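Visitor: Here it is, the structure in full.
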Amino acid sequence: MALTRRSYWAMAVGSLIFRLILICFSDDLNLGSRPEVATPVTSLRRLAEGYWLKNSSMSPYSGSMYHGSPLLLPVLGPLTIKRVEGLPSHLFCSSIFIIIDFITAMLIRATGHKLMSTNHQSLQRLNLSCVQETMGCTNVGDLASLIFLWNPFTLITCVGSSTSPIDNLMVVLAIYGACSGLPSLAAFGWVVATHLSLYPAILVIPVILLLGYGPDVPPSKLFLLGKSDDSGSDYPSDKTCSKQRSKEGSPVYLFSWRPALCFILWSLIWSSYIFFLSFISLKEFGGLSEMMKKTHGFILNVEDLSPNIGVFWYFFAEVFEFFRSFFLIVFHINILFMLVPLVIRLRHRPCFLAFVYIAIMSMLKSYPSVGDSALYLGLLGLFANELAEMRFPFFLLCGYFGISLLSPVMHNLWIWRGTGNANFYFATGIAYASLQTVLIVESVSTILKHDRMLRNKLTA
Amino acid sequence: MPAEEDQTKQPRPRPRLIVLIASYLVSHSSIFSVVCCIAGLIAILLLPVLAKNTYISENALMPGSANPVFSGQDVSEAIRLVKDITEMRKMGKTTGIEIQRLIVQRMADVGGEAYYHKFQSQSNQFHPLRFFSCDSNLVLTKSGSNTSYGLNTVGIIHAPHGDGKEAIVLVTPYNGENVELNDALSLGLGFSIFSHLSHVSWLAKDIVWLAADARYGEYSSVSAWLKDYHNPVFFSSENVDANMQNTNMLNGRNADVFKRAGTMAAALVFKITEKMERDSRDSLNIYAEASNGQMPNLDLINVVHYLAVHRQGFRVTIGKIVYLVNSAWLNLVGQILEWSNKLAKSLNPKWNFGILSADYVEGVATLASSMYYQALGVPTGSHGAFRDYQVDAITFTFSPRFYLNNENVQSSFLLRGGRLIEGTIRSVNNLLEKFHQSFFLYMMTAPNKFVSVGVYMIGFALLALPLPVVAAALFLNQKATGTAGIQEAKIAFQSWKWLHAARVVLMIHLWALIASLMPYFISQISNLTATESMLLWVVGSISILLVLYMTLGSPYSRSGDVEWQTLKAVMIASVTIGLGLMSIINFATAQIGALLIVPLCLLVRPLKRHMQGALSLRVLSLVCNPILVVIGFPPAALVLVKGFSEGFGGVSIGTVWEVAEFLWAWNSATYLYVFLVHLPCWVLCIQILFHP
C-alpha cells in the first residue's frame, strides 16, 4: 500500500493526462446529455443558454433553462462560446475542470495529512501507538486524492461538461479550511458551496465542530479513561501494547469558541458579498428574489421531473398536485432528521461526520449526479485506516460497477428502444440509493467498532 | 454445569433465516452449481415444450372482421404495371430512372402525392464510438468522388377520416438496376394496394408507399429514407446544383421535395420471391428480427399470421436451422420427451402435454434460428431500419407454388396477397395508440408459438445463479484460510487483499478494451486482406498484453499476492455483471454466451495444483478444462460453428476478421459482449489454469 512520492505524482499526472485524452473524444462520448452526469442545476449546456440570454439582455433565468448561480455566468460563460476548429466544443471549460479537479485532489491530500498527524498524536497521547503499528498505517491523503482522481465518476463528470467539479471544490475547500483552522477559508468554501447547490448548508455543523474541536480524534471518554488509568495501579507487564506514560495532561476535549465565532462572522461577510455580486449582475432582471426562486427554489420545489439517478422525479411525477407540498416537506426533512442523531454519535469525528453528511446529501438530493458520489467516494479514502475492517467492500465495489453500467442500459431501453419503461430506470435509481445506504451504514458502524476496539485496547 | 452452558448459549442471537439460507448455499456451492447448471440446460431444452400459442392481445385490431374488398380490378392494375415494367426491361431502359418515373406517374394518377427521394449509398465500415448512439446529428460528411446515388419513389395517400398525424408505411424493395419479374410483381402488388387504398373510405391513417431502390441493399435505402423522414435536412445551394442535372430527367419534379405523413404506426415490408422447391401451398415467410435482438410487437406478427392462415390460406413459415432438424441427438431428445409424456399420461390421464418428437425437433430448429438471428444483432431485412425509430415493422415474402410467369397464377396470387395486406392495414388502421399490448421480448418456436421473456429467462437465470454463489464461496473460503494462519498483526488489510486480484481483472479488461478498438485503426491501413488484418490484430493484441504485463505487473510475478481463488472470485463477479447487462441488452447473446462461459468459469482451477478429491473428479477436471477452454475462445468457437455448418473448406483466419467487421458495421452489441465480457473472462481462465 505504501506509495513512494514519485509513483504518487506519476499517477496523479497520469490521471490528468487521461482526462485530456478523454476530452479529445468528448464530442463522440456525448456525456453532457446523460442524465447521470449533468443535472438541470449543473449542466453546462444550460449555462451556455443562460449566458446567451444574459448577453442578449434578458434574464438568464427566463424560459426555465438555467438554474445555476448568476456568478458562474461571467466566469464560465465566455468559455462556452469560444471554439477552436477541429477540437471538441467545450474544450476550455473542460480544461478548467481538469485544473479544478487537481486542486480538489490536492486539498483532499492536505486534509489527509492533517488528519493523519492528528490521529497519530491522539493515539500517542492514549499510549496506543502500537495500534497504528499493528493496523498498518496508510498515507490516507495520498490514497484519498488518488481515489478521487482516478474514480471513473470523477473522470466522466470532468469530461461530461457539468459544473459539479466546482461544487465539489467548494465543499472540499470548506472541509480543508476547517481542518487547518482557517475560519475565513472554511467560511468562503461553505458559503459558495451553499450558494451553488444549497445542500452543503448542512455542512455548517461539521465545519463548526472541526473549528471548535480540531480534526478527528477517538472519543473523549477514552482520554478520561486513559487518565484515570494513569492514576491507578501499575499495569501488568505482559501487555500487548507497551504503554509509555505521557504526563502532559492537556485538556483534549474543549470547544474553542473563537474560531467558531470567527467562522460565523466570516460567513456573514462572504454571504453578503456573494449576495451583493449577484444583485449587481441581476439588477435589471428581477434581482435577488428572482435568483432565489430560480436556483434554490428550483432545487427545493423539484420542478424538473426529467429522469435522473435520484429517487425524487419518479415520486413527484406520480403524486397528486394536492399532496405535492406535503411530500416535498417530507422528502426534504429526511435529510434534516438524520443530522442530529449523527452529530450526537459522531461529534468526536467531525471530518467523518462531514463525509457521512455528504453521502446522505448525494443520496437524497433532488437532482443528484455521479459527481456527488465522486466527492464522497474520494473522501472515503481519508478514513482508510479506520475503515480497514469494513464489511462487504467487494460487494459494494461490484454494486457500484454494476449499477453504473446498468443505468445507461436501462435508460436506453426506456427512451430509445421503447421496450422498457420508467420503472426499469427507476429500479436502478432505487438500487443505487440502497447501495449508498449500505455504504453509509457500514462505514458508520465500522467507525463505531473502531472506537470500541480502541477502548477495549485501553481497558484490557 | 449443563445449566450454566444453557445460560451462556441463551443470549447468543440466532442468525436470521435469510442468512442461514445464504450460508447454507455458500457452503454447498459445488452441489448447488451442478444442480443449477443441469436444471438450466434442461430448462433451455424444454423451451419448445413450454411455448404458448400466440393470441391477439390488442382488442382494437379485430383482424378479419371486415370482408376484404380488394378485387380483380385492382389486380388488373397490378398486372398492367407489371407488363409496362417488363416491356421497359425488354426495351433495355431499366438502368436509368424510367421505372421510378413510371411509378411516380402512376401514383400521381391515382391521386396520391408522389415524390422522389434521392439518397447516397453509404458503405458499412468501421467507425469509432458509435455503438448505441441514436444521435442523428452525426451525418456522414464524406463527399468522395465515388459516391453513388439511389432513387426511391414515395407516394402518400392522405386519409379521408384522419388528422394526418399517423401513417402506415408499405415498403416494396426492388433492384433498380436490374428489375426481375419478381421485383416487377412486388411493385405491381404495392401499386395495386396503393391505388385500392386511394379510394376507400375507412382509412384513418395516412398510407405511405415506399418503392425502395435496393441497388445498394434494401436496408440502406430504407434507412436513408427514414433518416430523412425523421430529421429534416436543409439543402444548401451546393446540393441543389448537384441535383440540377437530374431535375430535367425527373419530369421537372424537384428532387428536393420531401413530403411527410404522420408518425408511423407500423410498417410492412413485402416482396415476392420465386421459391426453389415446390410446395402444395403458396407460402409466406416472415422475418422480424431487428438490430440487437429487438423484435416488433408480437401482435403485428399475429395479425399477419392469422389473416394469412385463416383467411387467405397461405402456409406461413419462419426461418429454421435445417441442420438441426436432421440431427440425431435432437431426435433422441424428442423421443425421450415423447416417451416420458406417454409414461406420464399412463400414470394419470390428465398429464397430457401433447409432445410429439417431430414437433419438438421443429420447434428447437426454429427456436435456434430465432435465437441465432437475435444474438447476431444484425437485422434480417429492411424492417430493421424501422425499429431504430421505435416503429414496429416486419418483412414478409410471398412465394407462389407455381412458376411466376404463369399469368393465371399471377392474378390469383396477387389477389390473395393484396387481400392479406389490405386486411393487415385495416387492423392497424383500427389502432388507437401504438402497439404496446403484446410482447416485445419473445422468441418464436413456430409461426404461431412463442416463448415469452418470463419463460426463457428461467433457463438463463438458473445458469447464471451459481456464479454469485460460487464467487461468494471462494471469497469467504479464501478469507477464512487466509486469516486463520496469520497473526492478528496483519488483519487490518487482510480483508482488502482481493484488491490485487481486482487489479489483475481490471488490467485484463483494459487490454480487452484496447483490443476491441484496434480493428478501427487497422482498417485505416488500406490494401490489407482479411487474413493480414487478422494477423495484425492478433499480433497487436498480444504485444499490448505483454506491454501491460510489463508495466502493471504480471499476475505471476508476486504469486503470493494473487491467490487463484480470489482471482477466480473476482473474475466470476465481473462475468456475472457482464452477463446480467447483456441479458438486458440482447438476451439471446447472453444466453448463448452463458452456455459457453459459465461451465468454464465454474470448473476452472490451476492445472499444477494438487487436487483433493476422488480420482474421477480429477480426471473430469483434466478433460473438461481444455475442451471448455477451446470452445470458450470466441474465434475457435466461431471457426467450429462455421466449419460444421458450411464445411471446413471455406474457413480461414480471415473469416474471423470478416465476422468481426460485419458485427461492427451493424453496430451489434454482440461485438461488445464478445470483447468486453467473454474474451477477458477467457484470458483470466487461462491465467488461472496456468497459475503456479
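As shown in the C-alpha cells, the chain order sets the letters A, B, ...; within each chain, residues go from 1, and ligands are also counted from 1 in the order they appear.
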Show me, as a PyMOL selection string, the residues that have an atom within 8 Å of Asp304 of chain A when counting only C-alpha atoms, minus same-chain residues fewer than 4 positions from it.
Guide: chain A and resi 40+298+313
Visitor: Generate the output file for the selected residues, C-alpha atoms, as a PDB file, in the first residue's frame.
Guide:
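Dumped to again-v5.pdb:
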ATOM      1  CA  PRO A  40     -30.653  20.667 -14.642  1.00  0.00           C
ATOM      2  CA  PHE A 298     -35.939  25.163  -8.121  1.00  0.00           C
ATOM      3  CA  TRP A 313     -38.516  12.537 -10.013  1.00  0.00           C
TER       4      TRP A 313
END
Visitor: Within 9 Å of chain B, which residues belong to chain A? Use only C-alpha atoms and report them as a PyMOL selection string.
Guide: chain A and resi 28-29+133-136+385+388-391+393-394+398-399+401-402+405-406+409-410+412-413+416-419
Visitor: Contacts of Asn151 of chain A at 10 Å or less, counting only C-alpha atoms, minus same-chain residues fewer than 6 places along, as a PyMOL selection string?
Guide: chain A and resi 15+145+157+373-375+377-378
Visitor: DSSP on the backbone, then: every residue of segment 248-380 of chain A marked helix (DSSP H, G or I), written as a ChimeraX atom specification.
Guide: /A:257-281,283-285,287-294,296-301,312-318,321-345,350-364,370-380
Visitor: Taking 3 positions as the minimum chain separation for residues in the same chain, which residues sit within 8 Å of segment 89-104 of chain A when counting only C-alpha atoms? Answer as number ranges by chain.
Guide: A: 16, 19-20, 23, 27, 76, 79-80, 82-84, 107-108, 149, 158-159, 161, 165-166, 168-169, 172-173
Visitor: Please write the residues from the selection above to a file, keeping N, CA, C and O atoms, as a PDB file, in the first residue's frame.
Guide:
ATOM      1  N   LEU A  16      -4.424  13.196 -14.943  1.00  0.00           N
ATOM      2  CA  LEU A  16      -4.718  14.445 -15.664  1.00  0.00           C
ATOM      3  C   LEU A  16      -4.561  14.248 -17.170  1.00  0.00           C
ATOM      4  O   LEU A  16      -5.381  14.726 -17.958  1.00  0.00           O
ATOM      5  N   ARG A  19      -7.454  12.456 -18.527  1.00  0.00           N
ATOM      6  CA  ARG A  19      -8.593  13.371 -18.718  1.00  0.00           C
ATOM      7  C   ARG A  19      -8.464  14.117 -20.040  1.00  0.00           C
ATOM      8  O   ARG A  19      -9.441  14.280 -20.772  1.00  0.00           O
ATOM      9  N   LEU A  20      -7.230  14.572 -20.320  1.00  0.00           N
ATOM     10  CA  LEU A  20      -7.017  15.318 -21.572  1.00  0.00           C
ATOM     11  C   LEU A  20      -7.368  14.450 -22.773  1.00  0.00           C
ATOM     12  O   LEU A  20      -8.009  14.909 -23.722  1.00  0.00           O
ATOM     13  N   ILE A  23     -11.010  14.145 -23.133  1.00  0.00           N
ATOM     14  CA  ILE A  23     -11.644  15.374 -23.621  1.00  0.00           C
ATOM     15  C   ILE A  23     -11.604  15.426 -25.144  1.00  0.00           C
ATOM     16  O   ILE A  23     -12.537  15.915 -25.784  1.00  0.00           O
ATOM     17  N   ASP A  27     -16.794  14.882 -27.695  1.00  0.00           N
ATOM     18  CA  ASP A  27     -17.944  15.052 -28.579  1.00  0.00           C
ATOM     19  C   ASP A  27     -18.531  13.713 -28.991  1.00  0.00           C
ATOM     20  O   ASP A  27     -19.733  13.570 -29.163  1.00  0.00           O
ATOM     21  N   LEU A  76     -17.693  31.205 -16.456  1.00  0.00           N
ATOM     22  CA  LEU A  76     -17.636  30.108 -17.425  1.00  0.00           C
ATOM     23  C   LEU A  76     -18.290  30.476 -18.755  1.00  0.00           C
ATOM     24  O   LEU A  76     -18.014  29.856 -19.773  1.00  0.00           O
ATOM     25  N   LEU A  79     -16.264  31.122 -21.861  1.00  0.00           N
ATOM     26  CA  LEU A  79     -15.531  29.945 -22.320  1.00  0.00           C
ATOM     27  C   LEU A  79     -16.427  28.993 -23.099  1.00  0.00           C
ATOM     28  O   LEU A  79     -15.948  28.201 -23.904  1.00  0.00           O
ATOM     29  N   THR A  80     -17.744  29.047 -22.833  1.00  0.00           N
ATOM     30  CA  THR A  80     -18.618  28.101 -23.525  1.00  0.00           C
ATOM     31  C   THR A  80     -18.768  28.458 -24.996  1.00  0.00           C
ATOM     32  O   THR A  80     -19.079  27.594 -25.807  1.00  0.00           O
ATOM     33  N   LYS A  82     -16.397  29.999 -26.800  1.00  0.00           N
ATOM     34  CA  LYS A  82     -15.119  30.003 -27.509  1.00  0.00           C
ATOM     35  C   LYS A  82     -14.894  28.639 -28.142  1.00  0.00           C
ATOM     36  O   LYS A  82     -14.959  27.632 -27.465  1.00  0.00           O
ATOM     37  N   ARG A  83     -14.676  28.612 -29.418  1.00  0.00           N
ATOM     38  CA  ARG A  83     -14.481  27.325 -30.084  1.00  0.00           C
ATOM     39  C   ARG A  83     -13.171  27.345 -30.847  1.00  0.00           C
ATOM     40  O   ARG A  83     -12.767  28.379 -31.365  1.00  0.00           O
ATOM     41  N   VAL A  84     -12.550  26.196 -30.929  1.00  0.00           N
ATOM     42  CA  VAL A  84     -11.393  26.043 -31.816  1.00  0.00           C
ATOM     43  C   VAL A  84     -11.801  25.037 -32.872  1.00  0.00           C
ATOM     44  O   VAL A  84     -12.373  23.995 -32.547  1.00  0.00           O
ATOM     45  N   LEU A 107      -6.237  19.439  -2.182  1.00  0.00           N
ATOM     46  CA  LEU A 107      -6.833  19.826  -0.905  1.00  0.00           C
ATOM     47  C   LEU A 107      -7.191  18.592  -0.085  1.00  0.00           C
ATOM     48  O   LEU A 107      -6.979  18.562   1.135  1.00  0.00           O
ATOM     49  N   ILE A 108      -7.701  17.578  -0.795  1.00  0.00           N
ATOM     50  CA  ILE A 108      -8.027  16.332  -0.079  1.00  0.00           C
ATOM     51  C   ILE A 108      -6.756  15.740   0.512  1.00  0.00           C
ATOM     52  O   ILE A 108      -6.730  15.264   1.649  1.00  0.00           O
ATOM     53  N   LEU A 149      -8.931  11.157  -7.941  1.00  0.00           N
ATOM     54  CA  LEU A 149      -8.510  11.488  -9.308  1.00  0.00           C
ATOM     55  C   LEU A 149      -8.835  10.373 -10.293  1.00  0.00           C
ATOM     56  O   LEU A 149      -9.169  10.635 -11.444  1.00  0.00           O
ATOM     57  N   CYS A 158     -15.839  15.215 -15.054  1.00  0.00           N
ATOM     58  CA  CYS A 158     -14.911  16.229 -15.558  1.00  0.00           C
ATOM     59  C   CYS A 158     -15.063  16.380 -17.063  1.00  0.00           C
ATOM     60  O   CYS A 158     -15.069  17.487 -17.586  1.00  0.00           O
ATOM     61  N   VAL A 159     -15.210  15.248 -17.755  1.00  0.00           N
ATOM     62  CA  VAL A 159     -15.296  15.299 -19.210  1.00  0.00           C
ATOM     63  C   VAL A 159     -16.704  15.698 -19.654  1.00  0.00           C
ATOM     64  O   VAL A 159     -16.889  16.303 -20.703  1.00  0.00           O
ATOM     65  N   SER A 161     -18.903  17.871 -19.158  1.00  0.00           N
ATOM     66  CA  SER A 161     -19.397  19.247 -19.136  1.00  0.00           C
ATOM     67  C   SER A 161     -20.562  19.438 -18.161  1.00  0.00           C
ATOM     68  O   SER A 161     -21.705  19.630 -18.539  1.00  0.00           O
ATOM     69  N   PRO A 165     -17.785  19.749 -10.646  1.00  0.00           N
ATOM     70  CA  PRO A 165     -16.440  19.888 -10.069  1.00  0.00           C
ATOM     71  C   PRO A 165     -16.284  21.151  -9.231  1.00  0.00           C
ATOM     72  O   PRO A 165     -15.602  21.133  -8.200  1.00  0.00           O
ATOM     73  N   ILE A 166     -16.947  22.230  -9.624  1.00  0.00           N
ATOM     74  CA  ILE A 166     -16.830  23.477  -8.851  1.00  0.00           C
ATOM     75  C   ILE A 166     -17.493  23.306  -7.488  1.00  0.00           C
ATOM     76  O   ILE A 166     -16.929  23.684  -6.458  1.00  0.00           O
ATOM     77  N   ASN A 168     -17.890  20.564  -5.894  1.00  0.00           N
ATOM     78  CA  ASN A 168     -17.055  19.679  -5.093  1.00  0.00           C
ATOM     79  C   ASN A 168     -15.855  20.419  -4.536  1.00  0.00           C
ATOM     80  O   ASN A 168     -15.489  20.231  -3.374  1.00  0.00           O
ATOM     81  N   LEU A 169     -15.250  21.253  -5.369  1.00  0.00           N
ATOM     82  CA  LEU A 169     -14.086  22.010  -4.907  1.00  0.00           C
ATOM     83  C   LEU A 169     -14.465  22.856  -3.701  1.00  0.00           C
ATOM     84  O   LEU A 169     -13.734  22.914  -2.705  1.00  0.00           O
ATOM     85  N   VAL A 172     -14.867  20.736  -0.560  1.00  0.00           N
ATOM     86  CA  VAL A 172     -13.566  20.290  -0.051  1.00  0.00           C
ATOM     87  C   VAL A 172     -12.808  21.463   0.551  1.00  0.00           C
ATOM     88  O   VAL A 172     -12.136  21.325   1.576  1.00  0.00           O
ATOM     89  N   LEU A 173     -12.965  22.629  -0.059  1.00  0.00           N
ATOM     90  CA  LEU A 173     -12.308  23.828   0.462  1.00  0.00           C
ATOM     91  C   LEU A 173     -12.803  24.123   1.874  1.00  0.00           C
ATOM     92  O   LEU A 173     -12.002  24.444   2.773  1.00  0.00           O
TER      93      LEU A 173
END
Visitor: Which residues are close to Leu115 of chain A, i.e. within 8 Å by only C-alpha atoms, leaving aside same-chain residues fewer than 2 positions away? Reply as a list in words.
Guide: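 The residues that qualify are Thr111, Gly112, His113, Ser117, Thr118, Asn119, Cys179, Pro215, Asp216 and Leu382 of chain A.
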Visitor: Find the residue from A:Met291, A:Ile299, A:Ala427, A:Ala384 that sits nearest to Asn139 of chain A; use only C-alpha atoms when measuring.
Guide: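 Among the listed residues, the smallest separation from Asn139 of chain A belongs to A:Ala384.
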Visitor: For the structure I just gave you, how does DSSP split segment 338-406 of chain B - specifically, which residues are strand (DSSP E)? Reply as a VMD selection string.
Guide: chain B and resid 392 to 399
Visitor: What lies within 10 Å of Leu261 of chain A using only C-alpha atoms, ignoring chain neighbours under 3 positions off, as a ChimeraX atom specification?
Guide: /A:183,208,211-212,256-258,264-267
Visitor: Quick one: pull the distance between atom CA of Ser526 of chain B and atom CA of Ile508 of chain B, Å, one decimal.
Guide: 29.6 Å
Visitor: Identify, on the basis of only C-alpha atoms, every residue whose closest approach to Gly50 of chain A does not exceed 6 Å; exclude the query and any residue fewer than 3 positions from it along the same chain; express the result as an MDAnalysis selection string.
Guide: chainID A and resid 47 53 60 66
Visitor: Report, in Å with one decimal, the straight-line distance from atom CA of Tyr216 of chain B to atom CA of Gly150 of chain B.
Guide: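 Separation of atom CA of Tyr216 of chain B and atom CA of Gly150 of chain B: 7.5 Å.
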Visitor: What is the distance between atom CA of Val75 of chain B and atom CA of Trp202 of chain B, in Å to one decimal?
Guide: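 Atom CA of Trp202 of chain B lies at a distance of 20.3 Å from atom CA of Val75 of chain B.
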Visitor: Would you please work out which residue, of A:Gly297, A:Gly287, A:Pro218, A:Gly160, is nearest to His450 of chain A when using only C-alpha atoms?
Guide: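 Of the candidates, the smallest distance to His450 of chain A is held by A:Pro218.
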Visitor: Between A:Phe352, A:Phe315, A:Phe255, A:Phe395, which has the minimum distance to Val444 of chain A (counting only C-alpha atoms)?
Guide: A:Phe352
